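Single-structure report; data block below.
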Amino acid sequence: MKILVADYIYTPNGFVENQAVAFDDLIREINTLETLLKNHPQAELIRTEPHSVIYPGFINTHVHLEFSANKTSLEYGSFMPWLDSVIEHRDDLMGACNNAIMQRECEEMMYSGITTFGAISSFGNELEVCEKTPQRVVFFNELIGSNAIYADMLYGDFMERVKASQSCKPSSHITPAVAIHSPYSVHPIILQKAINIAKQNKLPLSAHFLESQAEREWLVSGSGELKSFFEKYFNTSTPVTNIKEFMHAFDTYPTHFTHCVQATKEELKHLTDKGHSIAHCPRSNRYLGCGRLKIEELDLPFSVATDGLSSNDSLSIFDELRAALMLHNDIPIQDLATQLLQTVTEDAAEILHLNCGKIEADRWADFAVVTLPEAPKREEEIALWSILYTKQVSEVYIEGEKYV
Ligand code: MCF
Ligand code: FE
């Protein structure tokens, strides 16, 4: 048993003072230090630095590790030039991306306090790194392929990867999962098969959805920049599905939709009604010129996530939260800071059905300790100061073990 004590603990009831946490692999008790020492006399006492806050470990629900070698290869600014650059450089980037690079990015996430991440995997190349990293990983095997001729082959490959992720040792903390790349890139027949696999095996399900204006135009009227893209690279000129058909395919299984920047109020209402959630990637949306998700109008749970280095400059969750504070500049900053921290803890855990994200008894003992530069003058500003000042967290625990 260990006892961790800090000036503040972030709990579902706000920041509490003069309390400590007793844990082994699970959180056992939250109480005053005095009581905990009495109840657990053998426990190892760990005192955090002054002005520290214990948070539940942060959760990054959407990242593409396979693109970790990208620095300047992919074109930022607007979606279609970016997509063209993905086609041009994908093989080089995948080739350059070795285990050492991906492991370094897992560590980068760890130093920002991320104890769980959702890895979107197109080839399964990162499975080994994800098995080795101390973090918990929801391993989203991605299905992609809009051409009916190759669909069966691509589906077969997808199923092989699903099976590989299902046979990882429990100690590797891998949760197998399914990702549908997007409505423009997945044929409806294999889409349905993959959704059925997720349903039957109760696997978390995710899909990129309505990210760019080009995607919307292609799905609505079969025109725009994606038309020339498909003509050029895939020799087709009509979309394989439309927004309604794609969205309704997920009606009976709550799904984590990434981006949704270009979704209408009606479409968002439909997602809400069906119990879905959104992964909001503020820097990715800005870098690919996709627009701003109106988070102030959402009625459904959402997480804040980094996306991959294919559309970002770091995988630090605090860099992402700072960007979110700037992007959503009309929302009162203290309220936004509080909400953002909830999206990467409690809300993200609920979305991915994980027993973490909250500091309360019987949850997994995953923590990130944030140390403020001085004592916060007002409790209601701790969320904001945490986001603004944290470049690296000072301690990380996963399943009760210390990693930072
Ligand atoms: O989320 C971003 C932007 N939207 C779509 N896809 C990706 C993102 N980052 C990486 N991708 C990957 C995706 O997983 O790009 C590949 C897919 O494997 C090719 S997209 C034709
Ligand atoms: Fe993505």
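The way I read the labels, and the way they are meant: chains A, B, ... in the order of the structure tokens, residue 1 as the first residue of every chain, and ligand 1 as the first ligand shown, with later ones counted on from there.
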
Sorted by chain and rising residue number, which residues of region 125-231 of chain A lie within 12 Å of region 365-383 of chain A, and what are their closest atom pairs and distances in Å to one decimal, counting only C-alpha atoms, as JSON lines?
```
{"residue": "A:Pro134", "atom": "CA", "partner": "A:Asp366", "partner_atom": "CA", "distance": 11.0}
{"residue": "A:Gln135", "atom": "CA", "partner": "A:Asp366", "partner_atom": "CA", "distance": 9.4}
{"residue": "A:Arg136", "atom": "CA", "partner": "A:Asp366", "partner_atom": "CA", "distance": 9.8}
```

Rows by chain and residue number, chain A within 9 Å of ligand 2, shortest pair, only C-alpha atoms and all ligand atoms, as CSV:
```
residue,atom,partner,partner_atom_place_in_ligand_line,distance
A:His62,CA,ligand 2,1 (Fe),6.4
A:Val63,CA,ligand 2,1 (Fe),6.3
A:His64,CA,ligand 2,1 (Fe),6.4
A:Ile120,CA,ligand 2,1 (Fe),7.2
A:His181,CA,ligand 2,1 (Fe),8.3
A:Ala207,CA,ligand 2,1 (Fe),8.6
A:His208,CA,ligand 2,1 (Fe),6.5
A:Thr258,CA,ligand 2,1 (Fe),6.8
A:His259,CA,ligand 2,1 (Fe),8.1
A:Cys281,CA,ligand 2,1 (Fe),8.3
A:Ser284,CA,ligand 2,1 (Fe),8.3
A:Thr306,CA,ligand 2,1 (Fe),8.5
A:Asp307,CA,ligand 2,1 (Fe),4.8
A:Gly308,CA,ligand 2,1 (Fe),6.3
A:Ser310,CA,ligand 2,1 (Fe),8.4
A:Ser311,CA,ligand 2,1 (Fe),8.1
```

As a PyMOL selection string, please: the residues near Tyr184 (chain A) (cut-off 9 Å, only C-alpha atoms, same-chain neighbours under 4 positions excluded).
chain A and resi 146+215+218-219+226+239-242

Written selection (N, CA, C and O atoms) as a short mmCIF file (atom, residue, chain, number, x, y, z; two decimals), in the first residue's frame:
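Output file result_14.cif follows:
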```
data_model
loop_
_atom_site.label_atom_id
_atom_site.label_comp_id
_atom_site.auth_asym_id
_atom_site.auth_seq_id
_atom_site.Cartn_x
_atom_site.Cartn_y
_atom_site.Cartn_z
N SER A 146 -12.32 1.83 -49.95
CA SER A 146 -13.61 2.21 -50.51
C SER A 146 -13.91 1.43 -51.79
O SER A 146 -15.03 1.43 -52.28
N GLU A 215 -14.87 16.94 -47.31
CA GLU A 215 -15.55 15.67 -47.01
C GLU A 215 -17.06 15.85 -47.10
O GLU A 215 -17.77 15.05 -47.69
N TRP A 218 -18.28 16.28 -50.74
CA TRP A 218 -18.19 15.00 -51.46
C TRP A 218 -19.35 14.08 -51.06
O TRP A 218 -20.01 13.48 -51.90
N LEU A 219 -19.64 14.01 -49.78
CA LEU A 219 -20.69 13.10 -49.31
C LEU A 219 -22.08 13.62 -49.66
O LEU A 219 -23.00 12.84 -49.90
N LEU A 226 -12.55 16.47 -53.23
CA LEU A 226 -12.36 15.02 -53.08
C LEU A 226 -12.70 14.28 -54.38
O LEU A 226 -12.23 13.17 -54.60
N PRO A 239 -19.14 8.98 -54.55
CA PRO A 239 -18.92 8.51 -53.18
C PRO A 239 -19.60 7.16 -52.95
O PRO A 239 -20.62 6.87 -53.57
N VAL A 240 -19.03 6.37 -52.04
CA VAL A 240 -19.59 5.03 -51.78
C VAL A 240 -20.75 5.09 -50.78
O VAL A 240 -21.47 4.11 -50.60
N THR A 241 -20.91 6.22 -50.13
CA THR A 241 -21.99 6.34 -49.14
C THR A 241 -22.36 7.81 -48.99
O THR A 241 -21.82 8.67 -49.68
N ASN A 242 -23.32 8.10 -48.13
CA ASN A 242 -23.65 9.49 -47.82
C ASN A 242 -23.71 9.64 -46.30
O ASN A 242 -23.57 8.65 -45.57
#
```

Using only C-alpha atoms, determine which residues lie at most 8 Å from region 25-34 of chain A, disregarding the query and same-chain residues fewer than 2 positions distant; provide the list as a short mmCIF file (atom, residue, chain, number, x, y, z; two decimals) with C-alpha atoms, in the first residue's frame.
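What follows is the written file part01.cif:
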```
data_model
loop_
_atom_site.label_atom_id
_atom_site.label_comp_id
_atom_site.auth_asym_id
_atom_site.auth_seq_id
_atom_site.Cartn_x
_atom_site.Cartn_y
_atom_site.Cartn_z
CA VAL A 5 -0.28 13.31 -0.23
CA ASN A 18 -5.92 18.40 3.32
CA GLN A 19 -6.60 14.92 1.93
CA ALA A 20 -4.44 12.04 0.73
CA VAL A 21 -4.95 8.86 -1.33
CA ALA A 22 -4.18 5.29 -0.22
CA PHE A 23 -3.72 2.80 -3.06
CA LEU A 36 -4.93 7.00 6.32
CA LEU A 37 -1.76 6.46 8.37
CA LYS A 38 -3.89 5.00 11.13
CA ILE A 359 -10.05 9.74 -7.92
CA GLU A 360 -12.44 7.60 -5.91
CA ALA A 361 -12.25 4.23 -4.17
CA ASP A 362 -12.07 1.09 -6.36
CA ARG A 363 -10.83 2.91 -9.47
CA TRP A 364 -7.48 1.95 -11.01
CA ALA A 365 -4.62 3.75 -9.27
CA GLU A 399 -1.79 0.65 -11.63
CA GLY A 400 -0.08 1.94 -8.48
CA GLU A 401 3.46 1.85 -9.91
#
```

Do a neighbour search on region 293-299 of chain A at 9 Å with only C-alpha atoms, toss out local chain neighbours closer than 4 positions, and write the hits as a ChimeraX atom specification.
/A:259-263,265,268-269,272,280-282,285,328,331

How many Å separate CA of Pro41 (chain A) from CA of Leu4 (chain A)?
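It comes out at 13.7 Å.
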
Measuring atom to atom with only C-alpha atoms and all ligand atoms, identify which of A:Glu245, A:Glu160, A:Glu66, A:Glu231 is nearest to ligand 1.
A:Glu66

DSSP helix (DSSP H, G or I) residues within region 228-265 of chain A, as a list in words
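Filtering region 228-265 of chain A to helix (DSSP H, G or I) leaves Ser228, Phe229, Phe230, Glu231, Lys232, Tyr233, Phe234, Ile243, Lys244, Glu245, Phe246, Met247, His248 and Lys265 of chain A.
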
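With CA of Tyr111 (chain A) on one side and CA of Val393 (chain A) on the other, the separation reads 5.9 Å.
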
Point out the residue among A:Gln339, A:Lys132, A:Leu309, A:Glu49 with the least atom-to-atom distance to Cys97 (chain A), counting only C-alpha atoms.
A:Leu309

Give me, please, the distance in Å between CA of Ala214 (chain A) and CA of Met80 (chain A), quoted to one decimal.
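Rounded to one decimal, the two atoms are 7.4 Å apart.
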
DSSP strand (DSSP E or B) residues within region 4-130 of chain A, listed as a PyMOL selection string:
chain A and resi 4-5+8-11+14-17+20-23+26-31+44-47+52-56+58-63+114-121

Given the choices A:Gln392, A:Ser165, A:Asn312, A:Gln42, which gets closest to ligand 1 if the distance is worked out from only C-alpha atoms and all ligand atoms?
A:Asn312

Nearest to ligand 1 by atom-to-atom distance, counting only C-alpha atoms and all ligand atoms, from A:Glu142, A:Glu75, A:Glu126, A:Glu105
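Once distances to ligand 1 are computed over only C-alpha atoms and all ligand atoms, the minimum belongs to A:Glu142.
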
Extract, using only C-alpha atoms, all DNA, RNA and protein residues at most 10 Å from Asn125 (chain A), discarding same-chain residues fewer than 5 positions from it, and format them as an MDAnalysis selection string.
chainID A and resid 65:66 94 97:99 102 130 161

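Among the candidates A:Leu352, A:Val404, A:Leu143, A:Leu191, the residue lying nearest to ligand 1 is A:Leu143 (atoms considered: only C-alpha atoms and all ligand atoms).
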
Set the distance at 9 Å and use only C-alpha atoms: which residues neighbour Asp251 (chain A) once local chain neighbours fewer than 2 positions away are removed? I'd like the list as a list of chain:residue names.
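Close residues of Asp251 (chain A): A:Met247, A:His248, A:Ala249, A:Tyr253, A:Pro254, A:Thr255, A:His270, A:Leu271, A:Lys274, A:Gly275, A:His276.
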
Which is closer to Ser237 (chain A) than all the others in A:Asn201, A:Asn147, A:Gly291, A:Glu266, using only C-alpha atoms?
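Looking only at the distances to Ser237 (chain A), the closest residue turns out to be A:Asn147.
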